[in-house]
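Participant: Supplied structure: model-v1.txt, compact mmCIF, C-alpha atoms.
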```txt
# COMPACT_ATOMS: atom_id res chain seq x y z
CA MET A 1 0.00 0.00 0.00
CA LYS A 2 1.25 3.45 -0.82
CA LYS A 3 1.37 6.19 1.79
CA GLU A 4 -1.71 7.89 0.33
CA GLU A 5 -3.70 4.65 0.41
CA VAL A 6 -2.76 4.04 4.04
CA LEU A 7 -3.63 7.62 5.05
CA ALA A 8 -7.00 7.36 3.33
CA GLN A 9 -7.89 4.45 5.64
CA PHE A 10 -7.43 6.55 8.80
CA ASP A 11 -10.26 8.98 8.09
CA GLY A 12 -11.79 9.27 11.56
CA ARG A 13 -13.83 6.06 11.61
CA GLY A 14 -13.94 4.20 14.91
CA ARG A 15 -12.60 0.90 13.57
CA ILE A 16 -10.33 0.09 10.66
CA GLU A 17 -9.16 -3.21 9.22
CA ILE A 18 -6.19 -3.46 6.89
CA VAL A 19 -5.28 -6.73 5.20
CA LEU A 20 -1.72 -7.16 3.95
CA ARG A 21 -0.79 -9.91 1.53
CA GLY A 22 2.48 -11.19 0.17
CA PHE A 23 5.50 -8.91 0.38
CA ARG A 24 3.32 -6.14 1.89
CA VAL A 25 3.22 -8.07 5.18
CA ALA A 26 6.72 -6.69 5.82
CA ARG A 27 5.20 -3.18 5.95
CA ALA A 28 2.95 -3.91 8.93
CA GLY A 29 5.27 -2.06 11.32
CA ARG A 30 5.25 1.07 9.17
CA ILE A 31 1.45 0.96 8.94
CA GLN A 32 1.25 0.69 12.73
CA ALA A 33 3.50 3.76 13.05
CA ILE A 34 1.29 5.69 10.63
CA ALA A 35 -1.81 4.59 12.54
CA GLN A 36 -0.35 5.90 15.79
CA GLU A 37 0.49 9.24 14.20
CA MET A 38 -3.08 9.46 12.90
CA GLY A 39 -4.56 8.81 16.36
CA TYR A 40 -5.27 5.07 16.17
CA ALA A 41 -4.20 2.15 18.33
CA LEU A 42 -3.62 -1.42 17.22
CA HIS A 43 -6.45 -3.55 18.60
CA SER A 44 -5.39 -6.89 17.19
CA ARG A 45 -3.10 -8.48 14.66
CA GLU A 46 -4.02 -11.76 13.02
CA GLY A 47 -1.39 -13.68 11.11
CA ARG A 48 -3.30 -16.41 9.33
CA SER A 49 -0.21 -17.42 7.41
CA ASN A 50 3.13 -15.96 6.38
CA ASP A 51 1.39 -14.43 3.39
CA VAL A 52 -1.60 -12.72 5.05
CA VAL A 53 -1.77 -10.37 8.04
CA ARG A 54 -4.93 -8.64 9.20
CA LEU A 55 -4.50 -5.49 11.33
CA HIS A 56 -7.42 -4.13 13.35
CA PHE A 57 -7.16 -0.56 14.59
CA ILE A 58 -9.45 1.48 16.83
CA ARG A 59 -9.55 5.25 17.07
CA ASP A 60 -7.84 6.46 20.23
CA ASP A 61 -10.00 9.22 21.69
CA ASN A 62 -7.45 10.15 24.34
CA PRO A 63 -6.83 13.93 24.11
CA LEU A 64 -3.10 13.37 23.54
CA ALA A 65 -3.79 10.99 20.65
CA ARG A 66 -6.27 13.40 19.09
CA ARG A 67 -3.74 16.23 19.43
CA ARG A 68 -1.01 14.07 17.85
CA ALA A 69 -3.36 13.32 14.93
CA GLU A 70 -4.14 17.02 14.43
CA GLU A 71 -0.43 17.90 14.50
CA THR A 72 0.34 15.14 11.99
CA GLN A 73 -2.42 16.28 9.63
CA ALA A 74 -1.19 19.88 9.86
CA ARG A 75 2.40 18.76 9.18
CA ILE A 76 1.32 16.76 6.12
CA ALA A 77 -0.81 19.65 4.82
CA ALA A 78 2.23 21.94 5.14
CA GLY A 79 4.29 19.55 3.01
CA GLY A 80 6.16 17.99 5.92
CA PRO A 81 6.91 14.34 6.51
CA LEU A 82 4.29 11.86 7.62
CA LEU A 83 6.61 10.16 10.09
CA LEU A 84 9.20 12.16 11.97
CA PRO A 85 12.83 11.07 11.58
CA GLY A 86 13.70 8.51 14.22
CA GLY A 87 10.15 8.67 15.57
CA VAL A 88 11.11 11.60 17.79
CA ARG A 89 8.26 14.04 18.39
CA PRO A 90 9.02 17.65 19.21
CA PRO A 91 7.95 18.59 22.72
CA SER A 92 4.38 19.75 23.03
CA PRO A 93 3.90 23.42 23.84
CA PRO A 94 3.45 24.13 27.53
CA PRO A 95 -0.08 24.58 28.85
CA PRO A 96 -1.34 28.15 29.12
CA PRO A 97 -0.44 29.93 32.36
CA GLN A 98 -2.90 29.94 35.21
CA PRO A 99 -4.79 33.21 35.71
CA PRO A 100 -3.61 35.23 38.70
CA PRO A 101 -5.62 34.89 41.88
CA PRO A 102 -8.28 37.57 42.45
CA LEU A 103 -7.24 40.61 44.46
CA PRO A 104 -8.61 40.96 47.96
CA PRO A 105 -11.31 43.63 48.24
CA HIS A 106 -9.10 46.10 50.06
CA LEU A 107 -6.62 46.16 47.14
CA ARG A 108 -9.14 46.64 44.31
CA ALA A 109 -8.87 49.90 42.43
CA ASP A 110 -12.60 50.25 41.82
CA GLY A 111 -13.42 50.39 45.52
CA ARG A 112 -15.85 47.48 45.44
CA ARG A 113 -16.02 45.49 48.62
CA GLY A 114 -16.70 41.79 47.93
CA ARG A 115 -20.09 42.00 46.26
```
Spit out the file's structure as structure tokens when you get a sec.
Facilitator:
Amino acid sequence: MKKEEVLAQFDGRGRIEIVLRGFRVARAGRIQAIAQEMGYALHSREGRSNDVVRLHFIRDDNPLARRRAEETQARIAAGGPLLLPGGVRPPSPPPPPQPPPPLPPHLRADGRRGR
């Protein structure tokens, strides 16, 4: 399967099955890596023979997996690589800072007193 064919499978559905035959069985690891980047987890792998492998994936709805999928889709749309070199992901941006605590009434500039 070509990269475009594999990507087309991971379109947001809840469950996906990919059957590999012949020499394509050797690409199962790469397809699993693509699935992870697209926000899917391997549910099961059936090897009925050396010539046929059936991969079952389920969509991972964990927020980190969904974020990883969005980042991957954005990277592909920008002309970047599907899989990062060496599988190393750049660090995620830090969470937004917490808002400061409210001022006590005696320090408020508007003169309100705890309404």
Participant: If I put a ball of radius 7 Å at (0.8, -14.4, 2.1) in the file's coordinates, which residues poke into it when counting all atoms listed in the file, written as a list in words?
Facilitator: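 With a cut-off of 7 Å, the residues come to Arg21, Gly22, Ser49, Asn50, Asp51 and Val52 of chain A.
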Participant: So which residues touch Gly14 of chain A within 9 Å, counting all atoms listed in the file, skipping near sequence neighbours fewer than 3 positions away, as a list of chain:residue names?
Facilitator: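 In the requested form, the answer reads A:Tyr40, A:Phe57, A:Ile58, A:Arg59, A:Asp60.
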Participant: Counting only C-alpha atoms, figure out which residue out of A:Asp11, A:Glu17, A:Asp61, A:Glu5 gets nearest to Glu46 of chain A.
Facilitator: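 Selected residue with least distance to Glu46 of chain A: A:Glu17.
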Participant: Segment 15-53 of chain A near segment 68-90 of chain A within 7 Å: what's each residue's closest atom pair and its distance in Å to one decimal, counting all atoms listed in the file, ordered by chain then ascending residue number, as a Markdown table?
Facilitator:
```
| residue | atom | partner | partner_atom | distance |
| --- | --- | --- | --- | --- |
| A:Ile34 | CA | A:Leu83 | CA | 7.0 |
| A:Glu37 | CA | A:Ala69 | CA | 5.7 |
| A:Met38 | CA | A:Ala69 | CA | 4.4 |
| A:Gly39 | CA | A:Ala69 | CA | 4.9 |
```
Participant: Rounded to one decimal in Å, what is the spacing between atom CA of Ala65 of chain A and atom CA of Leu42 of chain A?
Facilitator: 12.9 Å
Participant: Return the single residue from A:Ser44, A:Leu55, A:Gln98, A:His106 that is closest to Arg30 of chain A, with distances computed using only C-alpha atoms.
Facilitator: A:Leu55
Participant: Please return the centre and edge lengths, in Å to one decimal, of a box with edges along x, y and z that contains all listed atoms of segment 56-73 of chain A, widened by 8 Å on every side, as lines of an AutoDock Vina configuration file.
Facilitator:
```
center_x = -4.8
center_y = 6.9
center_z = 17.0
size_x = 26.3
size_y = 38.0
size_z = 30.7
```
Participant: Separation of atom CA of Arg27 of chain A and atom CA of Lys2 of chain A, in Å?
Facilitator: 10.3 Å
Participant: Would you work out the distance separating atom CA of Pro94 of chain A from atom CA of Ala41 of chain A, expressed in Å to one decimal?
Facilitator: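 Calculated distance between atom CA of Pro94 of chain A and atom CA of Ala41 of chain A is 25.0 Å.
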Participant: Pick from A:Val53, A:Leu64, A:Ala109, A:Leu7: nearest to Phe23 of chain A, with only C-alpha atoms counted?
Facilitator: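 The shortest atom-to-atom distance to Phe23 of chain A comes from A:Val53.
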Participant: Reconstruct N, CA, C and O atoms of segment 45-59 of chain A; output as a PDB file, in the frame of the given file.
Facilitator:
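Okay, this is what ended up in out_28.pdb:
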```pdb
ATOM      1  N   ARG A  45      -3.853  -8.125  15.861  1.00  0.00           N
ATOM      2  CA  ARG A  45      -3.100  -8.480  14.660  1.00  0.00           C
ATOM      3  C   ARG A  45      -3.264  -9.981  14.469  1.00  0.00           C
ATOM      4  O   ARG A  45      -2.917 -10.770  15.351  1.00  0.00           O
ATOM      5  N   GLU A  46      -3.804 -10.352  13.330  1.00  0.00           N
ATOM      6  CA  GLU A  46      -4.020 -11.760  13.020  1.00  0.00           C
ATOM      7  C   GLU A  46      -3.093 -12.163  11.887  1.00  0.00           C
ATOM      8  O   GLU A  46      -3.127 -11.557  10.825  1.00  0.00           O
ATOM      9  N   GLY A  47      -2.277 -13.157  12.139  1.00  0.00           N
ATOM     10  CA  GLY A  47      -1.390 -13.680  11.110  1.00  0.00           C
ATOM     11  C   GLY A  47      -1.867 -15.059  10.708  1.00  0.00           C
ATOM     12  O   GLY A  47      -1.485 -16.039  11.325  1.00  0.00           O
ATOM     13  N   ARG A  48      -2.729 -15.113   9.730  1.00  0.00           N
ATOM     14  CA  ARG A  48      -3.300 -16.410   9.330  1.00  0.00           C
ATOM     15  C   ARG A  48      -2.276 -17.288   8.636  1.00  0.00           C
ATOM     16  O   ARG A  48      -2.402 -18.496   8.627  1.00  0.00           O
ATOM     17  N   SER A  49      -1.309 -16.678   8.034  1.00  0.00           N
ATOM     18  CA  SER A  49      -0.210 -17.420   7.410  1.00  0.00           C
ATOM     19  C   SER A  49       0.936 -16.426   7.234  1.00  0.00           C
ATOM     20  O   SER A  49       0.828 -15.263   7.619  1.00  0.00           O
ATOM     21  N   ASN A  50       2.020 -16.871   6.642  1.00  0.00           N
ATOM     22  CA  ASN A  50       3.130 -15.960   6.380  1.00  0.00           C
ATOM     23  C   ASN A  50       2.790 -14.972   5.277  1.00  0.00           C
ATOM     24  O   ASN A  50       3.481 -13.970   5.112  1.00  0.00           O
ATOM     25  N   ASP A  51       1.741 -15.267   4.526  1.00  0.00           N
ATOM     26  CA  ASP A  51       1.390 -14.430   3.390  1.00  0.00           C
ATOM     27  C   ASP A  51       0.257 -13.446   3.655  1.00  0.00           C
ATOM     28  O   ASP A  51      -0.005 -12.589   2.821  1.00  0.00           O
ATOM     29  N   VAL A  52      -0.455 -13.587   4.786  1.00  0.00           N
ATOM     30  CA  VAL A  52      -1.600 -12.720   5.050  1.00  0.00           C
ATOM     31  C   VAL A  52      -1.566 -12.259   6.509  1.00  0.00           C
ATOM     32  O   VAL A  52      -1.454 -13.067   7.420  1.00  0.00           O
ATOM     33  N   VAL A  53      -1.668 -10.955   6.696  1.00  0.00           N
ATOM     34  CA  VAL A  53      -1.770 -10.370   8.040  1.00  0.00           C
ATOM     35  C   VAL A  53      -2.949  -9.413   8.029  1.00  0.00           C
ATOM     36  O   VAL A  53      -3.110  -8.611   7.103  1.00  0.00           O
ATOM     37  N   ARG A  54      -3.764  -9.508   9.062  1.00  0.00           N
ATOM     38  CA  ARG A  54      -4.930  -8.640   9.200  1.00  0.00           C
ATOM     39  C   ARG A  54      -4.711  -7.769  10.436  1.00  0.00           C
ATOM     40  O   ARG A  54      -4.533  -8.273  11.540  1.00  0.00           O
ATOM     41  N   LEU A  55      -4.701  -6.453  10.244  1.00  0.00           N
ATOM     42  CA  LEU A  55      -4.500  -5.490  11.330  1.00  0.00           C
ATOM     43  C   LEU A  55      -5.827  -4.812  11.642  1.00  0.00           C
ATOM     44  O   LEU A  55      -6.485  -4.290  10.732  1.00  0.00           O
ATOM     45  N   HIS A  56      -6.202  -4.804  12.905  1.00  0.00           N
ATOM     46  CA  HIS A  56      -7.420  -4.130  13.350  1.00  0.00           C
ATOM     47  C   HIS A  56      -7.015  -2.948  14.227  1.00  0.00           C
ATOM     48  O   HIS A  56      -6.308  -3.130  15.220  1.00  0.00           O
ATOM     49  N   PHE A  57      -7.471  -1.769  13.840  1.00  0.00           N
ATOM     50  CA  PHE A  57      -7.160  -0.560  14.590  1.00  0.00           C
ATOM     51  C   PHE A  57      -8.449   0.044  15.133  1.00  0.00           C
ATOM     52  O   PHE A  57      -9.511  -0.066  14.510  1.00  0.00           O
ATOM     53  N   ILE A  58      -8.338   0.701  16.289  1.00  0.00           N
ATOM     54  CA  ILE A  58      -9.450   1.480  16.830  1.00  0.00           C
ATOM     55  C   ILE A  58      -8.974   2.902  17.050  1.00  0.00           C
ATOM     56  O   ILE A  58      -7.795   3.140  17.339  1.00  0.00           O
ATOM     57  N   ARG A  59      -9.889   3.834  16.868  1.00  0.00           N
ATOM     58  CA  ARG A  59      -9.550   5.250  17.070  1.00  0.00           C
ATOM     59  C   ARG A  59      -9.293   5.475  18.553  1.00  0.00           C
ATOM     60  O   ARG A  59     -10.063   5.051  19.402  1.00  0.00           O
TER      61      ARG A  59
END
```
